[in-house]
file start_7.cif (mmCIF, C-alpha atoms)
data_target
loop_
_atom_site.label_atom_id
_atom_site.label_comp_id
_atom_site.auth_asym_id
_atom_site.auth_seq_id
_atom_site.Cartn_x
_atom_site.Cartn_y
_atom_site.Cartn_z
CA MET A 74 13.78 7.46 -26.52
CA ASP A 75 10.65 7.42 -24.41
CA ASP A 76 10.19 5.49 -21.21
CA LYS A 77 8.18 2.77 -22.83
CA GLN A 78 10.83 2.09 -25.42
CA ARG A 79 13.57 2.19 -22.81
CA PHE A 80 11.62 -0.26 -20.64
CA ALA A 81 11.32 -2.59 -23.61
CA GLU A 82 15.06 -2.45 -24.25
CA VAL A 83 16.39 -2.39 -20.71
CA VAL A 84 13.97 -4.53 -18.70
CA LEU A 85 12.07 -6.94 -20.92
CA PRO A 86 15.10 -8.87 -22.26
CA HIS A 87 16.19 -9.72 -18.70
CA VAL A 88 12.94 -10.96 -17.23
CA ASP A 89 14.13 -14.58 -17.29
CA ASP A 90 17.27 -13.68 -15.35
CA ALA A 91 15.26 -11.59 -12.94
CA LEU A 92 12.99 -14.56 -12.36
CA ALA A 93 15.93 -16.90 -11.72
CA LEU A 94 17.34 -14.58 -9.07
CA ALA A 95 13.96 -14.06 -7.42
CA ARG A 96 13.33 -17.79 -7.53
CA TRP A 97 16.53 -18.52 -5.60
CA LEU A 98 15.91 -15.74 -3.10
CA THR A 99 12.25 -16.45 -2.33
CA GLY A 100 12.47 -20.20 -2.73
CA ASN A 101 9.52 -20.73 -5.03
CA ARG A 102 8.26 -19.68 -8.37
CA THR A 103 4.92 -18.13 -7.46
CA ASP A 104 6.49 -15.73 -5.00
CA ALA A 105 9.31 -15.09 -7.45
CA GLU A 106 6.82 -13.98 -10.08
CA ASP A 107 5.24 -11.54 -7.64
CA VAL A 108 8.65 -10.17 -6.75
CA VAL A 109 9.69 -9.80 -10.39
CA GLN A 110 6.49 -8.03 -11.29
CA GLU A 111 6.87 -5.61 -8.42
CA ALA A 112 10.54 -5.07 -9.26
CA CYS A 113 9.63 -4.26 -12.85
CA ILE A 114 7.15 -1.67 -11.66
CA ARG A 115 9.90 -0.09 -9.59
CA ALA A 116 12.26 -0.32 -12.54
CA PHE A 117 9.76 1.41 -14.78
CA ARG A 118 9.38 4.24 -12.31
CA ALA A 119 13.12 4.76 -12.23
CA ILE A 120 13.70 4.11 -15.90
CA SER A 121 14.06 7.71 -17.01
CA SER A 122 16.97 8.18 -14.61
CA ILE A 123 18.91 5.05 -15.53
CA ARG A 124 22.57 5.83 -16.12
CA ASP A 125 23.87 2.36 -15.50
CA ALA A 126 26.32 0.93 -17.97
CA ASN A 127 24.92 -2.53 -17.32
CA PRO A 128 21.13 -2.44 -17.31
CA ARG A 129 20.95 -6.13 -16.51
CA ALA A 130 22.93 -5.69 -13.29
CA TRP A 131 20.81 -2.65 -12.55
CA LEU A 132 17.59 -4.64 -12.92
CA LEU A 133 18.95 -7.54 -10.87
CA ALA A 134 19.84 -5.12 -8.07
CA ILE A 135 16.23 -3.89 -8.06
CA VAL A 136 14.95 -7.47 -8.04
CA ARG A 137 17.25 -8.30 -5.15
CA ASN A 138 16.07 -5.31 -3.12
CA THR A 139 12.44 -6.03 -3.90
CA ALA A 140 12.95 -9.65 -2.86
CA PHE A 141 14.48 -8.58 0.44
CA THR A 142 11.57 -6.27 1.15
CA TRP A 143 9.26 -9.13 0.32
CA ILE A 144 11.14 -11.57 2.54
CA ALA A 145 11.30 -9.14 5.44
CA LYS A 146 7.54 -8.75 5.18
CA ASN A 147 6.54 -12.33 4.56
CA ARG A 148 9.24 -14.39 6.20
CA PRO A 149 10.96 -12.22 8.76
CA LYS A 150 12.71 -15.23 10.26
CA VAL A 151 14.66 -15.94 7.09
CA MET A 152 16.08 -12.47 7.05
CA VAL A 153 19.81 -12.46 7.52
CA THR A 154 21.57 -9.16 7.77
CA THR A 155 25.24 -8.46 7.69
CA ASP A 156 25.18 -8.51 11.47
CA ASP A 157 24.98 -12.25 11.19
CA GLU A 158 28.12 -12.34 9.16
CA GLU A 159 30.17 -13.06 12.21
CA THR A 160 27.99 -15.99 13.15
CA PHE A 161 28.40 -17.52 9.74
CA GLY A 162 32.00 -16.42 9.57
CA ARG A 163 32.70 -19.19 12.04
CA VAL A 164 31.40 -21.72 9.60
CA GLY A 165 34.88 -22.66 8.67
CA LEU A 166 36.65 -21.81 5.54
CA GLU A 167 38.85 -24.79 6.08
CA MET A 168 40.05 -27.01 3.38
CA VAL A 169 39.09 -30.57 3.55
CA GLU A 170 42.21 -32.68 3.79
CA PRO A 171 42.93 -34.14 0.38
CA GLN A 172 43.59 -37.59 1.83
CA ALA A 173 40.48 -37.49 3.99
CA SER A 174 38.56 -39.96 1.88
CA PRO A 175 40.37 -42.35 -0.44
CA GLU A 176 37.37 -42.69 -2.71
CA THR A 177 37.19 -39.05 -3.69
CA VAL A 178 33.65 -37.95 -4.11
CA LEU A 179 33.09 -36.59 -7.55
CA ILE A 180 31.54 -33.22 -7.00
CA GLU A 181 31.06 -32.96 -10.70
CA LYS A 182 28.66 -35.87 -10.56
CA ALA A 183 26.70 -34.40 -7.69
CA ASP A 184 23.05 -35.24 -7.74
CA SER A 185 21.24 -32.18 -9.03
CA GLU A 186 18.59 -32.45 -6.36
CA HIS A 187 21.25 -32.45 -3.65
CA LEU A 188 22.82 -29.45 -5.25
CA HIS A 189 19.52 -27.59 -5.34
CA ASN A 190 18.86 -28.36 -1.72
CA ALA A 191 22.36 -27.38 -0.72
CA ILE A 192 22.02 -24.01 -2.41
CA ALA A 193 18.57 -23.43 -0.95
CA ALA A 194 19.98 -24.18 2.50
CA LEU A 195 22.69 -21.53 2.26
CA PRO A 196 22.24 -18.43 4.39
CA ILE A 197 20.68 -15.84 2.13
CA ALA A 198 23.69 -13.51 2.26
CA TYR A 199 25.82 -16.28 0.74
CA ARG A 200 23.13 -17.56 -1.58
CA GLU A 201 22.58 -14.23 -3.28
CA VAL A 202 26.28 -13.79 -3.99
CA LEU A 203 26.54 -17.32 -5.34
CA VAL A 204 23.50 -16.93 -7.58
CA LEU A 205 24.64 -13.56 -8.88
CA ARG A 206 28.00 -15.06 -9.74
CA GLU A 207 27.19 -18.57 -10.96
CA ILE A 208 23.80 -18.14 -12.55
CA GLU A 209 23.68 -14.47 -13.46
CA GLU A 210 27.43 -14.35 -14.15
CA LEU A 211 27.99 -10.89 -12.80
CA SER A 212 31.53 -9.77 -12.05
CA TYR A 213 32.72 -9.18 -8.48
CA GLN A 214 32.50 -5.47 -9.16
CA GLU A 215 28.92 -5.69 -10.37
CA ILE A 216 27.91 -7.86 -7.42
CA ALA A 217 29.51 -5.43 -4.98
CA LYS A 218 27.58 -2.61 -6.57
CA ALA A 219 24.28 -4.46 -6.68
CA LEU A 220 24.51 -5.44 -3.02
CA SER A 221 26.25 -2.28 -1.81
CA ILE A 222 29.01 -4.24 -0.12
CA PRO A 223 32.79 -4.07 -0.53
CA ILE A 224 34.47 -6.39 -3.02
CA GLY A 225 36.31 -8.11 -0.18
CA THR A 226 32.97 -9.11 1.32
CA VAL A 227 31.81 -10.42 -2.04
CA MET A 228 34.93 -12.56 -2.18
CA SER A 229 34.63 -13.98 1.29
CA ARG A 230 30.90 -14.70 0.96
CA LEU A 231 31.41 -16.40 -2.35
CA ALA A 232 34.28 -18.50 -1.03
CA ARG A 233 32.22 -19.53 2.00
CA ALA A 234 29.17 -20.29 -0.09
CA ARG A 235 31.16 -22.62 -2.33
CA ASN A 236 32.90 -24.16 0.61
CA LEU A 237 29.59 -24.95 2.29
CA LEU A 238 28.26 -26.46 -0.94
CA ILE A 239 31.29 -28.68 -1.35
CA GLN A 240 31.06 -29.89 2.23
CA ARG A 241 27.38 -30.66 1.83
CA ILE A 242 27.80 -32.51 -1.43
CA GLU A 243 30.66 -34.55 -0.05
CA LEU A 244 28.62 -35.41 3.00
CA ALA A 245 25.73 -36.58 0.84
CA GLY A 246 28.17 -38.35 -1.47
CA THR A 247 29.96 -40.29 1.25
CA GLY A 248 26.59 -41.33 2.65
CA LYS A 249 25.70 -42.81 -0.70
CA ALA A 250 29.11 -44.37 -1.18
CA GLY A 251 28.59 -46.28 2.07
CA VAL A 252 25.43 -47.85 0.70
CA ALA A 253 26.99 -48.72 -2.63
CA MET B 263 32.50 -8.28 9.45
CA ILE B 264 35.57 -10.36 9.10
CA LYS B 265 38.66 -8.27 9.14
CA PRO B 266 41.27 -9.15 6.55
CA THR B 267 43.90 -9.20 9.27
CA SER B 268 42.13 -12.04 11.01
CA TRP B 269 42.25 -14.26 7.95
CA SER B 270 44.66 -17.04 8.16
CA SER B 271 46.90 -17.33 5.15
CA ARG B 272 44.97 -20.47 4.34
CA GLU B 273 41.73 -18.57 4.11
CA GLU B 274 43.34 -15.86 2.13
CA SER B 275 44.64 -18.32 -0.39
CA LEU B 276 41.14 -19.76 -0.72
CA LEU B 277 39.80 -16.32 -1.53
CA LEU B 278 42.48 -15.92 -4.16
CA LEU B 279 41.71 -19.35 -5.51
CA ASN B 280 38.05 -18.45 -5.93
CA ALA B 281 38.97 -15.19 -7.62
CA TYR B 282 41.34 -17.11 -9.86
CA ILE B 283 38.62 -19.51 -10.93
CA ASP B 284 36.28 -16.58 -11.53
CA ASP B 285 38.86 -14.89 -13.75
CA GLU B 286 38.95 -11.89 -11.50
CA LEU B 287 42.69 -11.73 -10.89
CA ASP B 288 45.12 -9.61 -12.79
CA ALA B 289 47.78 -11.44 -14.77
CA ALA B 290 50.47 -11.19 -12.11
CA SER B 291 48.28 -12.50 -9.30
CA ALA B 292 46.93 -15.26 -11.52
CA LEU B 293 50.46 -16.34 -12.29
CA ASP B 294 51.25 -16.34 -8.60
CA VAL B 295 48.28 -18.62 -7.90
CA GLU B 296 49.32 -20.95 -10.70
CA ARG B 297 52.79 -21.27 -9.22
CA ARG B 298 51.37 -22.06 -5.82
CA LEU B 299 49.06 -24.65 -7.30
CA GLU B 300 52.06 -26.52 -8.66
CA SER B 301 53.74 -26.81 -5.30
CA ASP B 302 50.78 -27.08 -2.91
CA ALA B 303 48.86 -30.35 -3.18
CA ALA B 304 46.14 -29.27 -0.74
CA LEU B 305 45.56 -26.12 -2.67
CA LYS B 306 45.48 -28.08 -5.90
CA ALA B 307 42.87 -30.45 -4.48
CA GLU B 308 40.75 -27.52 -3.40
CA HIS B 309 41.16 -25.99 -6.82
CA ASP B 310 39.90 -29.18 -8.44
CA ARG B 311 36.92 -29.28 -6.12
CA LEU B 312 35.99 -25.72 -6.95
CA ARG B 313 36.29 -26.41 -10.66
CA GLN B 314 34.10 -29.47 -10.29
CA LEU B 315 31.53 -27.51 -8.33
CA ARG B 316 31.54 -24.95 -11.07
CA GLY B 317 30.86 -27.65 -13.64
CA ALA B 318 28.11 -29.20 -11.54
CA LEU B 319 26.45 -25.83 -11.05
CA ALA B 320 26.63 -25.03 -14.74
CA SER B 321 25.16 -28.33 -15.81
CA THR B 322 22.37 -28.60 -13.25
CA LEU B 323 21.25 -25.05 -12.76
CA ALA B 324 19.30 -24.11 -15.81
CA GLY B 325 17.97 -20.60 -15.75
CA GLU B 326 14.32 -19.78 -15.36
CA ARG B 327 12.01 -19.09 -18.22
CA ALA B 328 9.29 -16.57 -17.57
CA SER B 329 5.82 -17.74 -18.47
CA ASP B 330 3.99 -15.93 -21.25
CA ASP B 331 1.54 -14.74 -18.66
CA LEU B 332 4.25 -13.08 -16.59
CA LYS B 333 5.83 -11.55 -19.68
CA ARG B 334 2.48 -10.14 -20.70
CA ARG B 335 1.90 -8.66 -17.26
CA ILE B 336 5.32 -7.06 -17.26
CA ALA B 337 4.97 -5.70 -20.77
CA GLN B 338 1.72 -4.13 -19.59
CA ILE B 339 3.53 -2.13 -16.93
CA SER B 340 4.79 0.35 -19.48
CA GLU B 341 1.43 0.38 -21.26
CA SER B 342 -0.96 1.08 -18.46
CA SER B 343 1.38 3.10 -16.33
CA GLU B 344 1.46 5.98 -18.73
CA THR B 345 -2.02 6.98 -17.68
CA VAL B 346 -1.85 5.72 -14.13
CA VAL B 347 1.60 6.50 -12.75
CA VAL B 348 1.84 9.95 -14.23
CA PRO B 349 -1.71 11.14 -13.92
CA LEU B 350 -1.08 14.78 -14.76
CA ARG B 351 -0.07 14.36 -18.37
CA SER B 352 -3.07 13.65 -20.54
CA SER B 353 -6.42 15.37 -20.49
CA ARG B 354 -8.03 12.12 -19.50
CA SER B 355 -5.82 11.97 -16.46
CA SER B 356 -6.60 15.46 -15.33
CA PHE B 357 -10.25 14.53 -15.47
CA LYS B 358 -9.34 11.61 -13.25
CA THR B 359 -7.71 13.99 -10.79
CA ARG B 360 -10.77 16.18 -10.67
CA ASP B 361 -12.83 13.09 -10.22
CA ASP B 362 -10.78 12.16 -7.17
CA TRP B 363 -11.44 15.54 -5.66
CA ARG B 364 -15.10 15.27 -6.33
CA ARG B 365 -15.10 11.92 -4.69
CA LEU B 366 -13.28 13.31 -1.72
CA ALA B 367 -15.97 15.94 -1.33
CA VAL B 368 -18.73 13.34 -1.56
CA ALA B 369 -17.01 11.08 0.91
CA ALA B 370 -16.45 13.94 3.33
CA ALA B 371 -20.06 15.05 3.06
CA LEU B 372 -21.33 11.55 3.63
CA ALA B 373 -18.94 11.03 6.50
CA ALA B 374 -20.14 14.25 8.08
CA PHE B 375 -23.73 13.17 7.60
CA VAL B 376 -23.19 9.77 9.14
CA ALA B 377 -21.10 11.13 11.96
CA GLY B 378 -23.69 13.82 12.63
CA ALA B 379 -26.65 11.50 12.63
CA GLY B 380 -25.10 9.02 14.98
CA THR B 381 -23.21 11.35 17.25
CA TYR B 382 -25.04 10.40 20.44
CA GLY B 383 -24.30 6.74 20.44
CA ILE B 384 -20.87 6.63 18.92
CA LEU B 385 -18.88 9.28 20.72
CA ARG B 386 -16.32 7.09 22.38
CA PRO B 387 -12.75 7.89 23.31
CA ASP B 388 -11.67 6.01 20.22
CA PRO B 389 -9.72 7.92 17.59
CA ALA B 390 -10.54 5.22 15.04
CA SER B 391 -14.24 5.96 15.46
CA ASN B 392 -14.21 8.74 12.88
CA ASP B 393 -12.48 6.37 10.52
CA VAL B 394 -15.16 3.80 11.11
CA ALA B 395 -17.84 6.30 10.21
CA ALA B 396 -15.95 7.38 7.13
CA ILE B 397 -15.35 3.80 6.04
CA VAL B 398 -18.99 2.86 6.38
CA ALA B 399 -19.95 6.00 4.49
CA ASP B 400 -17.46 5.16 1.81
CA HIS B 401 -18.80 1.65 1.51
CA ARG B 402 -22.33 3.00 1.10
CA ARG B 403 -21.20 5.50 -1.47
CA ALA B 404 -19.46 2.74 -3.39
CA LEU B 405 -22.68 0.73 -3.44
CA LEU B 406 -24.51 3.72 -4.91
CA ALA B 407 -21.94 4.21 -7.65
CA ALA B 408 -22.16 2.44 -10.98
CA THR B 409 -19.55 -0.05 -9.79
CA PRO B 410 -18.09 -0.43 -6.31
CA TYR B 411 -14.57 -0.55 -7.75
CA ASP B 412 -12.27 1.45 -10.01
CA VAL B 413 -10.38 -1.54 -11.33
CA ALA B 414 -12.46 -4.61 -12.02
CA SER B 415 -10.58 -7.84 -11.85
CA SER B 416 -10.75 -11.15 -10.12
CA ASP B 417 -7.01 -11.55 -10.66
CA ARG B 418 -4.90 -10.46 -7.74
CA HIS B 419 -2.00 -9.99 -10.14
CA THR B 420 -3.96 -7.20 -11.77
CA VAL B 421 -5.31 -5.59 -8.64
CA LYS B 422 -2.09 -5.48 -6.65
CA PRO B 423 0.05 -3.75 -9.29
CA TRP B 424 -2.81 -1.37 -9.93
CA PHE B 425 -2.61 -0.19 -6.33
CA ASP B 426 1.13 -0.16 -6.54
CA SER B 427 1.14 2.12 -9.54
CA LYS B 428 -1.66 4.31 -8.26
CA LEU B 429 -0.62 4.73 -4.64
CA ALA B 430 2.95 3.42 -4.52
CA LEU B 431 1.77 1.04 -1.86
CA SER B 432 -0.27 -2.09 -1.99
CA PRO B 433 -1.88 -4.24 0.65
CA GLN B 434 -1.83 -7.97 0.38
CA VAL B 435 -4.36 -9.11 -2.16
CA VAL B 436 -5.67 -12.61 -1.62
CA ASP B 437 -8.06 -14.57 -3.71
CA LEU B 438 -10.87 -16.22 -1.78
CA ALA B 439 -12.94 -17.45 -4.71
CA ALA B 440 -12.58 -21.00 -3.44
CA SER B 441 -14.24 -20.00 -0.17
CA GLY B 442 -17.10 -18.24 -1.92
CA PHE B 443 -15.72 -14.70 -1.66
CA PRO B 444 -14.44 -13.93 -5.15
CA LEU B 445 -12.30 -10.86 -5.64
CA ALA B 446 -14.19 -8.24 -7.66
CA GLY B 447 -11.63 -5.47 -7.90
CA GLY B 448 -10.21 -2.51 -6.05
CA ARG B 449 -10.71 1.19 -5.57
CA VAL B 450 -9.00 4.09 -3.90
CA GLU B 451 -10.65 6.05 -1.14
CA ILE B 452 -9.67 9.16 0.73
CA LEU B 453 -9.57 8.57 4.43
CA ASP B 454 -8.42 11.26 6.80
CA GLY B 455 -6.99 13.14 3.83
CA LYS B 456 -4.96 10.19 2.62
CA ALA B 457 -5.59 7.94 -0.35
CA VAL B 458 -5.96 4.35 0.81
CA PRO B 459 -6.49 1.12 -1.11
CA VAL B 460 -9.81 -0.71 -0.83
CA LEU B 461 -10.23 -4.32 -1.94
CA VAL B 462 -13.66 -5.32 -3.12
CA TYR B 463 -14.98 -8.86 -2.72
CA ARG B 464 -18.33 -10.36 -3.52
CA ARG B 465 -20.51 -12.69 -1.52
CA ARG B 466 -23.44 -13.74 -3.65
CA ALA B 467 -25.14 -10.40 -4.41
CA HIS B 468 -23.38 -8.60 -1.57
CA VAL B 469 -20.26 -6.51 -1.62
CA ILE B 470 -17.50 -6.59 0.96
CA SER B 471 -15.07 -3.69 1.13
CA VAL B 472 -11.69 -4.24 2.76
CA VAL B 473 -10.06 -0.92 3.52
CA ALA B 474 -6.32 -1.12 4.15
CA VAL B 475 -4.98 1.82 6.11
CA PRO B 476 -1.17 1.97 6.21
CA ARG B 477 -0.05 1.92 9.80
CA VAL B 478 1.83 4.95 11.00
CA GLY B 479 4.44 4.09 13.58
CA THR B 480 3.90 1.26 16.01
CA GLY B 481 1.24 3.00 18.05
CA VAL B 482 -0.90 1.30 20.62
CA THR B 483 -1.46 -2.37 20.10
CA ALA B 484 -5.03 -2.76 19.01
CA PRO B 485 -7.07 -5.78 20.01
CA PRO B 486 -6.53 -8.60 17.52
CA SER B 487 -9.86 -7.96 15.91
CA LEU B 488 -12.89 -5.91 16.69
CA ALA B 489 -16.38 -6.15 15.32
CA GLU B 490 -19.08 -3.55 15.39
CA ALA B 491 -22.33 -2.72 13.71
CA ARG B 492 -23.22 0.64 12.33
CA ASP B 493 -26.17 1.81 10.28
CA GLY B 494 -27.04 -1.71 9.33
CA TYR B 495 -23.50 -2.60 8.24
CA PHE B 496 -21.10 -4.83 10.03
CA MET B 497 -17.51 -3.92 10.33
CA ILE B 498 -14.61 -6.00 11.53
CA ARG B 499 -11.24 -4.46 11.93
CA TRP B 500 -7.95 -6.13 12.58
CA ARG B 501 -4.33 -5.28 12.57
CA GLY B 502 -2.01 -6.72 9.95
CA ARG B 503 1.70 -6.33 9.66
CA ASP B 504 1.77 -3.11 7.69
CA PHE B 505 -1.85 -2.14 7.48
CA ASP B 506 -4.89 -1.83 9.66
CA TYR B 507 -7.73 -3.56 7.88
CA PHE B 508 -11.42 -2.75 8.00
CA ALA B 509 -13.87 -5.15 6.40
CA VAL B 510 -17.34 -3.75 5.97
CA SER B 511 -20.43 -5.31 4.45
CA ASP B 512 -24.13 -5.84 4.90
CA ILE B 513 -23.77 -9.61 5.08
CA ALA B 514 -24.44 -11.30 8.41
CA GLU B 515 -21.87 -10.75 11.10
CA GLY B 516 -21.01 -14.43 11.27
CA GLU B 517 -20.43 -14.56 7.55
CA LEU B 518 -18.24 -11.48 7.64
CA GLY B 519 -16.34 -13.10 10.50
CA GLU B 520 -15.78 -16.13 8.34
CA PHE B 521 -14.58 -13.91 5.51
CA VAL B 522 -12.09 -12.15 7.76
CA ALA B 523 -10.82 -15.43 9.16
CA ARG B 524 -10.25 -16.83 5.69
CA TRP B 525 -8.70 -13.62 4.46
CA ARG B 526 -6.24 -13.55 7.33
CA ASP B 527 -5.50 -17.20 6.85
CA ALA B 528 -4.76 -16.71 3.17
CA ALA B 529 -2.67 -13.64 3.85
CA ALA B 530 -0.87 -15.41 6.70
CA ASP B 531 -1.08 -12.01 8.27
CA HIS B 532 -2.05 -12.52 11.85
#

call {"tool": "encode", "arguments": {"input": "start_7.cif", "output": "structure tokens"}}
result
Amino acid sequence: MDDKQRFAEVVLPHVDDALALARWLTGNRTDAEDVVQEACIRAFRAISSIRDANPRAWLLAIVRNTAFTWIAKNRPKVMVTTDDEETFGRVGLEMVEPQASPETVLIEKADSEHLHNAIAALPIAYREVLVLREIEELSYQEIAKALSIPIGTVMSRLARARNLLIQRIELAGTGKAGVA
Amino acid sequence: MIKPTSWSSREESLLLLNAYIDDELDAASALDVERRLESDAALKAEHDRLRQLRGALASTLAGERASDDLKRRIAQISESSETVVVPLRSSRSSFKTRDDWRRLAVAAALAAFVAGAGTYGILRPDPASNDVAAIVADHRRALLAATPYDVASSDRHTVKPWFDSKLALSPQVVDLAASGFPLAGGRVEILDGKAVPVLVYRRRAHVISVVAVPRVGTGVTAPPSLAEARDGYFMIRWRGRDFDYFAVSDIAEGELGEFVARWRDAAADH
């Protein structure tokens, strides 16, 4: 199988997924397209050496790294490294008391715009794990490999990401409930 | 890093709960979580929240769909790259390589000529001075060639990947057609023994070359931008984030200044 054929089989079917990841990491579609295109060039260069059992996860890892290079270059302030983990670690992983609000906010019915904004507002280290899990549906193992972090870190980031989303949605929801 | 030992049991159970919802637990651990859910109302409430979040995410977050244009550009990567990325394979490519060497020789000869002719006035304790001479010479050579670019395109999405595949590096490529400086294409020049990308813009019938020299190390901080005239050409250089840029053209200095200002604005690369 030549490189061109391999590229067509390994990369082309996953361009939509690559775009979704890049879109959530860069924050907009135009930049995401640039990132995906660059990532695909990198992927093509490495294509003859691909040994990965899951080419989709392999491509997503390249997209993620390309996006981080892009972000570091174009928006250095957004960059969050693992050093910041401790800072965000303090953002509590506490459960909201079940009796806290009698009229339980239905997270299921969360306004999609709120949800989008809440995800976009997540620190990037949490956002990437959430997107890889919820949208790209990678396993913990695959996420750990793509991000080069231990599985335990994947778990804690994912739990915190979801926790932050729930808190944000409930906040927005209770605000609305007060009006209604 | 958060150390597992510092997790409260509450936090730990949340991690397990997430893993449970994600189907990542083995049967025994999953069973354990299920038992705890029956007896722990707070945990159950959290479980329900997480499930709801999952549902909300699934129903609102549709995936992206790549445009046909993007798909076409990506499909092209494996088409064009065969001759560009691996230039030593086909006979056409080896001609290309020879061509590069010939060009190097021409550029060097011209640079030597320009440097020689203007030696009196330009000998300053400025290491970039030789580069300036070479860049002006290169610009003049490009004007004498059939086209001042190797890849002709007004689409930055064509020019940028072209550099990327050719040099494994690419400067920012901005489109200034709206300001009256349309992108014409790009070429590769040899400067100080290294291949560097050159963006080519047009201003009416004039050509503007923007040479992007990758910065090595941090070095001395150059003045934000510097203009000078040489052999009837104006050159403005400035320092970007990853590259030092040299814009050279025979348009009026003020006009070139306007070009540089707009370019830097568009690149947000101050």

call {"tool": "residues_around", "arguments": {"input": "start_7.cif", "residues": "B:Val473", "least_positions_apart": "3", "cutoff": "8 Å", "atoms": "all atoms listed in the file", "output": "ChimeraX atom specification"}}
result
/B:397,458-461,507-509

call {"tool": "write_last_selection", "arguments": {"input": "start_7.cif", "atoms": "C-alpha atoms", "output": "short mmCIF file (atom, residue, chain, number, x, y, z; two decimals), in the coordinates of the input"}}
result
data_model
loop_
_atom_site.label_atom_id
_atom_site.label_comp_id
_atom_site.auth_asym_id
_atom_site.auth_seq_id
_atom_site.Cartn_x
_atom_site.Cartn_y
_atom_site.Cartn_z
CA ILE B 397 -15.35 3.80 6.04
CA VAL B 458 -5.96 4.35 0.81
CA PRO B 459 -6.49 1.12 -1.11
CA VAL B 460 -9.81 -0.71 -0.83
CA LEU B 461 -10.23 -4.32 -1.94
CA TYR B 507 -7.73 -3.56 7.88
CA PHE B 508 -11.42 -2.75 8.00
CA ALA B 509 -13.87 -5.15 6.40
#

call {"tool": "interface_residues", "arguments": {"input": "start_7.cif", "of": "chain B", "to": "chain A", "cutoff": "6 Å", "atoms": "all atoms listed in the file", "output": "ChimeraX atom specification"}}
result
/B:263,277,304,314-315,318,322,325-328,340

call {"tool": "resolve_selection", "arguments": {"input": "start_7.cif", "expression": "the PyMOL selection byres ((chain A and resi 131-135) around 6)", "output": "list of chain:residue names"}}
result
A:Ala91, A:Ala112, A:Pro128, A:Arg129, A:Ala130, A:Val136, A:Arg137, A:Asn138, A:Ala219

call {"tool": "residues_around", "arguments": {"input": "start_7.cif", "residues": "B:Val413", "least_positions_apart": "6", "cutoff": "10 Å", "atoms": "only C-alpha atoms", "output": "ChimeraX atom specification"}}
result
/B:420-421,424-425,446-450,461-462

call {"tool": "residues_around", "arguments": {"input": "start_7.cif", "residues": "B:Pro444", "least_positions_apart": "4", "cutoff": "7 Å", "atoms": "all atoms listed in the file", "output": "JSON, numbers by chain"}}
result
{"B": [416, 437, 438, 439, 463, 464]}

call {"tool": "atom_distance", "arguments": {"input": "start_7.cif", "atom1": "atom CA of A:Leu195", "atom2": "atom CA of B:Asp527"}}
result
28.9 Å

call {"tool": "atom_distance", "arguments": {"input": "start_7.cif", "atom1": "atom CA of B:Phe505", "atom2": "atom CA of B:Ala474"}}
result
5.7 Å

call {"tool": "atom_distance", "arguments": {"input": "start_7.cif", "atom1": "atom CA of B:Gly502", "atom2": "atom CA of B:Trp525"}}
result
11.1 Å

call {"tool": "resolve_selection", "arguments": {"input": "start_7.cif", "expression": "the PyMOL selection byres ((chain B and resi 497) around 12)", "output": "PyMOL selection string"}}
result
chain B and resi 391+393-399+401+470-473+487-496+498-500+507-519+521-522

call {"tool": "closest_residue", "arguments": {"input": "start_7.cif", "among": "B:Glu451, B:Glu286, B:Ser301, B:Leu429", "to": "B:Arg403", "atoms": "only C-alpha atoms"}}
result
B:Glu451

call {"tool": "residues_around", "arguments": {"input": "start_7.cif", "residues": "A:Glu201", "least_positions_apart": "2", "cutoff": "8 Å", "atoms": "all atoms listed in the file", "output": "mmCIF file with C-alpha atoms, in the coordinates of the input"}}
result
data_model
loop_
_atom_site.group_PDB
_atom_site.id
_atom_site.type_symbol
_atom_site.label_atom_id
_atom_site.label_comp_id
_atom_site.auth_asym_id
_atom_site.auth_seq_id
_atom_site.Cartn_x
_atom_site.Cartn_y
_atom_site.Cartn_z
ATOM 1 C CA LEU A 94 17.340 -14.580 -9.070
ATOM 2 C CA TRP A 97 16.530 -18.520 -5.600
ATOM 3 C CA LEU A 98 15.910 -15.740 -3.100
ATOM 4 C CA ILE A 197 20.680 -15.840 2.130
ATOM 5 C CA ALA A 198 23.690 -13.510 2.260
ATOM 6 C CA TYR A 199 25.820 -16.280 0.740
ATOM 7 C CA LEU A 203 26.540 -17.320 -5.340
ATOM 8 C CA VAL A 204 23.500 -16.930 -7.580
ATOM 9 C CA LEU A 205 24.640 -13.560 -8.880
#

call {"tool": "resolve_selection", "arguments": {"input": "start_7.cif", "expression": "the PyMOL selection byres ((chain B and resi 292-296) around 12)", "output": "JSON, numbers by chain"}}
result
{"B": [274, 275, 276, 277, 278, 279, 280, 281, 282, 283, 284, 285, 286, 287, 288, 289, 290, 291, 297, 298, 299, 300, 301, 302, 305, 306, 309]}
